[in-house]
Amino acid sequence: MTRPDPAALIEEAQRCVASDQSRALELVRRARRHVAPDEHTQLAQCWITQAHAYWGRRQFAQGLNAARRSLRLLQNSPAERAQALWVMAECQRGLGRYAGALDAWMACLEISMMSRQTELAAVACAGIGNYYQLIEDTQHALTLRRQAYEFACQSKDPATIAKCAIALAGDYVRQHMSHQALPLLQVAQDLITPEREPTWWAETLYYQGLHAFQNGNSQRAQRDLNEALTLARQSDSPWVTVQCLKELARLHRNSGRYEAAVSDLQEAITLAHEFDTGHLLQSLYLVLCTSEEARGHFEAALAAHEAYHATRLAYLKRLDEPGCRPSPSRLAQLQLRLEVIQARKENDLLQERQAATQQRAANQARLALRADLSPIERGGLEQELLRLDGQATSLLNIRLENLNEISEHYSFAIGDQVLSDLGRRLAIFARHKSCHAARYSTASFVLVVPAEQQHSVLEALVVELEELIRHMQSPAARICLRACRVHDPRTALRSVLKAPVLARFPSMNPLEQP
């Protein structure tokens, strides 16, 4: 019987972990049985995938244990450690242990920043923003969601961009800043589809419905919320389901349909008891209290109000348990670490902008060099030699010998400038002497002159090059001059390069002086 490939099993489990957690757990267990004991990376991937599956099934304690086991195997793998820390943080949050969740999120953020995993940095920032949303520090939450969206855009991962855009849009909608929320929701809907990401699509519809509700468009709000509710139920998304039911209950209450409002709220409360630590239940009981009071059932309203108080007291008591809520000093330390990370990110952006500016300057210098050398480019050189075929013609070669030395010792921009000065001077000289000038290679130029004028042109060219060298600011160029008679236009260029050197300017290169 063929031994299964653990890597293939792990890859298949990772593909189905979001849609079929039971299948993912089965594949991971099979893979772990066939992984060699010394294959720490594969074992860690098994535990991370298992933690993801448990988190998707809302079995947070099992997911937390699996994430911890993976971390023990990932001492030198920052990318995998960041993933494990993110799952650990989400499981801690599900258990109501916000102090542990914040520590894990911060560790995930720092590792992802150092390893430049902007996708994980985005989800870590979004997670920290979730905590500040829970404690109703909306300004901090909004700032972190903005940072998460920036990281997501840098990652260029469509799913991460969509999720962070939805989270940021939700904060904007809750703060009645709809003009900033709607473009983000549109971005998310452009990047995802209801078939592949039904939960996130349902959340976009939920925030659209909430926006319509805030703006008095009850008909549009009810349509969007009902569509979001249907999708959330189909994709087994309890948080979106509960939120849609709560907003639909408020719509029913405002239109006088109290029975429907109470029915929706009771269903939402039953479902919220399965996953919520008490924060969401408080708002549900308050809406139930006002709905029961509006329809005249004061005893039921009083019971809902008492349930709200009991839930709030239990929630606050749980937050006071060790490890559930960070101390003020711990929060201050975390805030300082966030500021350091933000400063590091801004420094990286400045370096990227500086590099881009330098690249633009280099491109502009190259364009300027091309403009300077455009009158003396190679175009037409072969045609000119063929046109003079049969006539007594000479070819002069002027070569900048130390272009590479100048560029390496000073800079490429300085080398380009020296080459540009030489080319410009030769173009002017050729125009005055009525001869053809062309650029033969990177640092080599040629002049095509009648044979009877070779001596006079050479004398004038030597004077011209000496003057150029004399007036050229450091670094000085080393120029080599050759000449030959043209016997065959097809081999003339090779011949002039092999011709003996007539002159060098200057006699000693300043770069070679002791």
# chains A, B, ... in the order shown; residues from 1 in each chain; ligands from 1

$ residues_around --residues "stretch 344-353 of chain A" --least-positions-apart "2" --cutoff "12 Å" --atoms "only C-alpha atoms" --output "list in words"
Leu109, Glu110, Ser112, Met113, Met114, Arg116, Thr118, Ala121, Gln147, Glu150, Phe151, Gln154, Arg337, Leu338, Glu339, Val340, Ile341, Gln342, Ala355, Ala356, Thr357, Gln358, Gln359 and Arg360 of chain A

$ select_by_dssp --residues "stretch 284-431 of chain A" --states "alpha helix (DSSP H)" --output "PyMOL selection string"
chain A and resi 284-294+298-319+328-373+381-387+403-409+412-431

$ residues_around --residues "A:Arg32" --least-positions-apart "4" --cutoff "10 Å" --atoms "only C-alpha atoms" --output "list in words"
Pro6, Ala7, Leu9, Ile10, Leu27, Val28, Ala36, Pro37, Gln42, Leu43, Ala44, Gln45, Cys46 and Trp47 of chain A
